[in-house]
Amino acid sequence: CTRDTVQKDLCTEPNEENLHRAAQVMARGLAGALAVSLCREQLKSKLYLTMREFLIGHQVPEQSANSIAVGLVADNLDLACAIAEKESIERASVQIDAVLNDSYNARKQTRGRTGQPFYDMARFNRLVYPPDFPEMLKVRLNGLQPGHLRIYEEFTQIPHFFSQIGGAGSQGVHGPSVAPGLVPGGGSGDGVLAQSDFGGAAGAGDGAPKYTTGQCYDQFLAIVNDLDKVIVSAGPNVSLSQLPSQHEACLYARDILVLSVRSASPEETAMDFAQALVNCLYRAETNLGIDLYVLLLARMCEMSVRVSKEVTTWLAFADDERKNNVPATIALINEGLIGIEDEDDQLARLVEANRAGAIEFVALLIRKAVLEQAIPATLRSFAKTIQVFFKLAQNGRAPPVVSQLLEDIQNAQQQRPQSTQSPAPLQTATTSAETPSRSLSTGRVVTASPSSTQVATADNTTRTQETISYQNILFNWTRVYDHPAAGDTELATLVRQLRQQVPLQDSSVAAAFFRACVEAAVSFFDQTALRSATAAAVSSASGYQVADALVRLVIFLTKLGPVEGQSDVLQPIRMFLSSTALLVVHSHASSPELFVIRQKPFFRLLCSILYELNAALHAQEPWCTPKMVDDVVELFGETLLLLEPETVPGFSFVWLMLVSHRHFFPRLMASKQHWGLAASLLDRQLRFLEPFITNSQVSESLKMLYRGTVCVILVVLHDFPEFLADYALLLCNPIPVSCVQLRNLLLSAYPRDMRLPEPLTPNLKIDLLPDVARSPSIPFDYMHTLEHDNIGADLERFLTSQTPDNFAKHALAAVLTKAETNSGNT
């Protein structure tokens, strides 16, 4: 069976190694499973009889001998089956290689004699497939396909016995469980513990025997012991990304994942494994060991919220000198197990406490993270720690490693080009705000500013001097804002001076100012993306620097309140949103080829406003009241209505992301007065999709957008069913008849305080249910459409007096006429 199947599926595979691996996986998997299923009961009975007779022969009472024999069989049956399985697997491995030896030699000889790949065309031409056979599983002349390989890899997931996850019968005898990657040419080691592999490990536990936490932990220690040996033998400079997926270290790592999900108490087992992995991580001395243990630790955290909370809390706040490990800390931050803000707080406390060895560790970590860009971070990411370093330097207590770090930071910042024109409004403000950040050794001002020359293009000659001045103001603000020594007090002083120099209370001046600033932020992103060759390479530390600073400027202007003669507290946010919307529309119409890249800075600008307001509300800042946040959310929704997909189709994906943002849509749902706005947003999205679906013009991008819309409505149905119950009729209007699933989602909503009856209840009388008496809530203007079609008055007359008699024909004709008109317009 294995011979025929492998030769058929791999008849066009020229690499004999892939043929060998596929055959081995299939033969070993089937042989092991068959051996365990056939011999288990026989071994159980023979072991029981043998042990019982042995105990009775040694003067053990018969009743006691029976119970002891039962216990011994329960404890040792798995081991006996594992031995039988091991013997069967080894025999099958030898036999399948002997059977396929001619196929191996044919590929080698053809390649050596002609230099051309081998193809078994005789077998390929005999292949016949059923009519409905999946295309991806058909054998092709270009060799193995991923679909074929995944099928063979599934043989490693057959839940036959404990020895496959490093049990006593196999671990240490023939290495880790057989789970070699079959991807031609190997694969990146980074994919070894990817989420998909973890899902496969979880699937391996379905139907497999479960084991106690103690058994799992014992096997885990055995696997880790062997894994440590493999890591040491790999060398100190080898990283996980350099390993093929079938490397021995990768297989041991997969064994740990499989072992964790085969526990009878997965959460407790994951907790035990996580504690041991933390110890292994801080004991590791090689890059490969750190990478593997960090990824394994991350997968353990994904198994349980409790495990994740315990691990992340310990990593962030535990007082343990073992944590003074720079490579391990960098890896943990990159994997998301440590937050940069929490780490900055802890590092600042370590430096202030003047712990022995801690200051050197912190300095090396910041050098590695910021100057060498080991993680996507800026100086502001470690603002608190760097401020403490500045204080040490001012007091003359900074060790050489700190002084050298501060000097290198200053040199790196001085190498950045500065603005060629420093506008008058912020010349003095910049100086005063930068005073805390002067170098104690050289007296130079540390600057971290993107320059106007970086974002200015050839059309600068046509720009007004006012626009250039406004953009230079933003660049100066960015320079000061990014400086780690600039606190809220300095920034607030700078904003007050800005308001004195620029009359933002004048709506025309404010519009020009914010438009110039948004243009500068987007242009800076364009230039950074151009230097990086692709927008995907732009990190938050570079391309979004000006955009983030602009959002903070808007928040500070709002925080300081209106100036004299102005009553609109939200004027800065209002003008910022309107300017951003205007530039989105303009950029989409004038530069559609660049708009693909510019969606990212626009999305960053808009969603950052939501993040900042939510953070201020969560921190209970006096200026940010719930009423103000609700007003901003309403403004934000009105802005999104201006940017609806029918108006800016190239912005539709970002638009849907903004509509479904976790800091926006739930705020709309918090108050019923905003439900109409939320319904309008969803209605605009559905109306945008309707003509494409009706005319069968559904591309791959439209399919993705439709799936996203369904997902959003599904979440709304789960979290806010009352909203959909009220507006289901409105939202069903633009849905095509063919979208049955989407329509059913909307119509399935009902209030949470209503309990639906069991439909199969005998003698169920719907009219006797108490909820039948409740009138449905219809908060939208349903009469508008009827009046627009000139049938509203006739409908009222017909419902009250049953006249005129031809009303049904008249109404049907009006509806059909409107439908034909809409179809023609589409």
# chains A, B, ... in the order shown; residues from 1 in each chain; ligands from 1
call {"tool": "select_by_dssp", "arguments": {"residues": "segment 289-400 of chain A", "states": "helix (DSSP H, G or I)", "output": "MDAnalysis selection string"}}
result
chainID A and resid 289:303 305:317 321:323 326:335 340:352 358:371 379:394 400
call {"tool": "residues_around", "arguments": {"residues": "Lys323 of chain A", "least_positions_apart": "2", "cutoff": "12 Å", "atoms": "only C-alpha atoms", "output": "number ranges by chain"}}
result
A: 278-279, 281-283, 314-321, 325-330, 332, 338, 343, 346-347, 350, 357-358, 361-362, 365
call {"tool": "write_last_selection", "arguments": {"atoms": "N, CA and C atoms", "output": "mmCIF file, in the first residue's frame"}}
result
data_model
loop_
_atom_site.group_PDB
_atom_site.id
_atom_site.type_symbol
_atom_site.label_atom_id
_atom_site.label_comp_id
_atom_site.auth_asym_id
_atom_site.auth_seq_id
_atom_site.Cartn_x
_atom_site.Cartn_y
_atom_site.Cartn_z
ATOM 1 N N VAL A 278 11.238 29.052 31.375
ATOM 2 C CA VAL A 278 11.865 30.295 31.833
ATOM 3 C C VAL A 278 13.260 30.011 32.390
ATOM 4 N N ASN A 279 13.371 28.958 33.173
ATOM 5 C CA ASN A 279 14.687 28.580 33.693
ATOM 6 C C ASN A 279 15.641 28.212 32.560
ATOM 7 N N LEU A 281 15.488 29.261 29.489
ATOM 8 C CA LEU A 281 15.784 30.463 28.716
ATOM 9 C C LEU A 281 16.945 31.237 29.320
ATOM 10 N N TYR A 282 16.888 31.492 30.618
ATOM 11 C CA TYR A 282 17.944 32.284 31.255
ATOM 12 C C TYR A 282 19.218 31.474 31.480
ATOM 13 N N ARG A 283 19.136 30.169 31.256
ATOM 14 C CA ARG A 283 20.331 29.338 31.333
ATOM 15 C C ARG A 283 20.996 29.197 29.972
ATOM 16 N N TRP A 314 5.452 37.794 35.621
ATOM 17 C CA TRP A 314 6.755 37.471 36.201
ATOM 18 C C TRP A 314 7.879 38.091 35.374
ATOM 19 N N LEU A 315 7.779 37.962 34.046
ATOM 20 C CA LEU A 315 8.835 38.497 33.194
ATOM 21 C C LEU A 315 8.947 40.010 33.319
ATOM 22 N N ALA A 316 7.831 40.677 33.552
ATOM 23 C CA ALA A 316 7.854 42.140 33.601
ATOM 24 C C ALA A 316 8.219 42.679 34.980
ATOM 25 N N PHE A 317 7.769 42.038 36.047
ATOM 26 C CA PHE A 317 7.862 42.673 37.365
ATOM 27 C C PHE A 317 8.654 41.882 38.399
ATOM 28 N N ALA A 318 9.044 40.659 38.118
ATOM 29 C CA ALA A 318 9.760 39.874 39.123
ATOM 30 C C ALA A 318 11.139 40.469 39.391
ATOM 31 N N ASP A 319 11.542 40.433 40.648
ATOM 32 C CA ASP A 319 12.858 40.941 41.053
ATOM 33 C C ASP A 319 13.830 39.762 41.064
ATOM 34 N N ASP A 320 14.467 39.523 39.940
ATOM 35 C CA ASP A 320 15.341 38.366 39.785
ATOM 36 C C ASP A 320 16.547 38.796 38.955
ATOM 37 N N GLU A 321 17.739 38.554 39.471
ATOM 38 C CA GLU A 321 18.947 38.975 38.773
ATOM 39 C C GLU A 321 19.160 38.206 37.476
ATOM 40 N N ASN A 325 19.714 39.773 31.359
ATOM 41 C CA ASN A 325 20.224 39.029 30.212
ATOM 42 C C ASN A 325 19.754 39.741 28.954
ATOM 43 N N VAL A 326 20.670 40.414 28.277
ATOM 44 C CA VAL A 326 20.283 41.266 27.142
ATOM 45 C C VAL A 326 19.698 40.459 25.989
ATOM 46 N N PRO A 327 20.351 39.397 25.488
ATOM 47 C CA PRO A 327 19.752 38.664 24.356
ATOM 48 C C PRO A 327 18.377 38.085 24.686
ATOM 49 N N ALA A 328 18.211 37.547 25.907
ATOM 50 C CA ALA A 328 16.911 36.979 26.277
ATOM 51 C C ALA A 328 15.841 38.066 26.349
ATOM 52 N N THR A 329 16.177 39.211 26.912
ATOM 53 C CA THR A 329 15.200 40.303 27.015
ATOM 54 C C THR A 329 14.795 40.806 25.638
ATOM 55 N N ILE A 330 15.754 40.940 24.724
ATOM 56 C CA ILE A 330 15.442 41.364 23.353
ATOM 57 C C ILE A 330 14.500 40.374 22.688
ATOM 58 N N LEU A 332 12.408 38.287 24.133
ATOM 59 C CA LEU A 332 11.096 38.329 24.772
ATOM 60 C C LEU A 332 10.283 39.537 24.306
ATOM 61 N N ILE A 338 7.056 40.646 26.661
ATOM 62 C CA ILE A 338 7.360 41.798 27.520
ATOM 63 C C ILE A 338 6.971 43.051 26.752
ATOM 64 N N GLU A 343 8.703 47.437 30.484
ATOM 65 C CA GLU A 343 10.150 47.240 30.630
ATOM 66 C C GLU A 343 10.846 48.560 30.934
ATOM 67 N N GLN A 346 10.418 49.311 34.625
ATOM 68 C CA GLN A 346 11.266 48.467 35.474
ATOM 69 C C GLN A 346 12.730 48.837 35.346
ATOM 70 N N LEU A 347 13.170 49.161 34.133
ATOM 71 C CA LEU A 347 14.569 49.551 33.951
ATOM 72 C C LEU A 347 14.876 50.844 34.688
ATOM 73 N N LEU A 350 15.312 50.033 38.289
ATOM 74 C CA LEU A 350 16.598 49.371 38.532
ATOM 75 C C LEU A 350 17.737 50.382 38.602
ATOM 76 N N GLY A 357 25.412 45.794 38.884
ATOM 77 C CA GLY A 357 25.303 45.129 37.592
ATOM 78 C C GLY A 357 24.080 45.517 36.799
ATOM 79 N N ALA A 358 23.081 46.113 37.446
ATOM 80 C CA ALA A 358 21.847 46.445 36.730
ATOM 81 C C ALA A 358 22.050 47.605 35.758
ATOM 82 N N PHE A 361 23.676 46.434 32.614
ATOM 83 C CA PHE A 361 22.702 45.676 31.818
ATOM 84 C C PHE A 361 21.730 46.596 31.101
ATOM 85 N N VAL A 362 21.219 47.616 31.790
ATOM 86 C CA VAL A 362 20.256 48.531 31.188
ATOM 87 C C VAL A 362 20.904 49.303 30.046
ATOM 88 N N LEU A 365 21.294 47.042 27.096
ATOM 89 C CA LEU A 365 19.989 46.746 26.493
ATOM 90 C C LEU A 365 19.511 47.898 25.620
#
call {"tool": "atom_distance", "arguments": {"atom1": "atom CA of Pro649 of chain A", "atom2": "atom CA of Ala670 of chain A"}}
result
29.1 Å
call {"tool": "residues_around", "arguments": {"residues": "Arg755 of chain A", "least_positions_apart": "6", "cutoff": "12 Å", "atoms": "only C-alpha atoms", "output": "VMD selection string"}}
result
chain A and resid 749 769 to 772
call {"tool": "write_last_selection", "arguments": {"atoms": "all heavy atoms", "output": "PDB file, in the first residue's frame"}}
result
ATOM      1  N   ALA A 749     -30.941  38.192  14.830  1.00  0.00           N
ATOM      2  CA  ALA A 749     -30.722  38.974  16.048  1.00  0.00           C
ATOM      3  C   ALA A 749     -32.019  39.130  16.829  1.00  0.00           C
ATOM      4  O   ALA A 749     -33.091  39.355  16.254  1.00  0.00           O
ATOM      5  CB  ALA A 749     -30.158  40.348  15.696  1.00  0.00           C
ATOM      6  N   LEU A 769     -47.240  33.005  23.486  1.00  0.00           N
ATOM      7  CA  LEU A 769     -45.979  33.396  24.122  1.00  0.00           C
ATOM      8  C   LEU A 769     -46.043  34.857  24.534  1.00  0.00           C
ATOM      9  O   LEU A 769     -46.561  35.714  23.799  1.00  0.00           O
ATOM     10  CB  LEU A 769     -44.810  33.173  23.164  1.00  0.00           C
ATOM     11  CG  LEU A 769     -44.557  31.717  22.754  1.00  0.00           C
ATOM     12  CD1 LEU A 769     -43.445  31.654  21.712  1.00  0.00           C
ATOM     13  CD2 LEU A 769     -44.182  30.884  23.972  1.00  0.00           C
ATOM     14  N   PRO A 770     -45.526  35.211  25.720  1.00  0.00           N
ATOM     15  CA  PRO A 770     -45.625  36.612  26.186  1.00  0.00           C
ATOM     16  C   PRO A 770     -44.868  37.585  25.299  1.00  0.00           C
ATOM     17  O   PRO A 770     -45.275  38.743  25.151  1.00  0.00           O
ATOM     18  CB  PRO A 770     -45.033  36.550  27.602  1.00  0.00           C
ATOM     19  CG  PRO A 770     -44.211  35.290  27.630  1.00  0.00           C
ATOM     20  CD  PRO A 770     -44.878  34.335  26.716  1.00  0.00           C
ATOM     21  N   ASP A 771     -43.744  37.146  24.690  1.00  0.00           N
ATOM     22  CA  ASP A 771     -42.947  38.075  23.889  1.00  0.00           C
ATOM     23  C   ASP A 771     -43.604  38.414  22.561  1.00  0.00           C
ATOM     24  O   ASP A 771     -43.181  39.368  21.891  1.00  0.00           O
ATOM     25  CB  ASP A 771     -41.556  37.474  23.618  1.00  0.00           C
ATOM     26  CG  ASP A 771     -40.697  37.463  24.874  1.00  0.00           C
ATOM     27  OD1 ASP A 771     -40.838  38.400  25.677  1.00  0.00           O
ATOM     28  OD2 ASP A 771     -39.883  36.532  25.039  1.00  0.00           O
ATOM     29  N   VAL A 772     -44.649  37.650  22.190  1.00  0.00           N
ATOM     30  CA  VAL A 772     -45.329  37.956  20.935  1.00  0.00           C
ATOM     31  C   VAL A 772     -46.044  39.300  21.021  1.00  0.00           C
ATOM     32  O   VAL A 772     -46.215  40.012  20.019  1.00  0.00           O
ATOM     33  CB  VAL A 772     -46.313  36.820  20.589  1.00  0.00           C
ATOM     34  CG1 VAL A 772     -47.174  37.183  19.394  1.00  0.00           C
ATOM     35  CG2 VAL A 772     -45.547  35.543  20.313  1.00  0.00           C
TER      36      VAL A 772
END
call {"tool": "atom_distance", "arguments": {"atom1": "atom CA of Lys703 of chain A", "atom2": "atom CA of Pro666 of chain A"}}
result
25.7 Å
call {"tool": "residues_around", "arguments": {"residues": "Ala581 of chain A", "least_positions_apart": "5", "cutoff": "12 Å", "atoms": "only C-alpha atoms", "output": "VMD selection string"}}
result
chain A and resid 511 514 to 515 518 to 519 574 to 576 586 to 588 599 602 to 603 605 to 606 635 to 644 647 to 648 651 655
call {"tool": "closest_residue", "arguments": {"among": "A:Phe382, A:Ala398, A:Pro117, A:Ser37", "to": "Glu360 of chain A", "atoms": "only C-alpha atoms"}}
result
A:Ala398
call {"tool": "closest_residue", "arguments": {"among": "A:Gln373, A:Ser93, A:Ser508, A:Ser680", "to": "Ser579 of chain A", "atoms": "only C-alpha atoms"}}
result
A:Ser508
call {"tool": "closest_residue", "arguments": {"among": "A:Ala492, A:Leu583, A:Ala363, A:Cys11", "to": "Ser523 of chain A", "atoms": "only C-alpha atoms"}}
result
A:Leu583
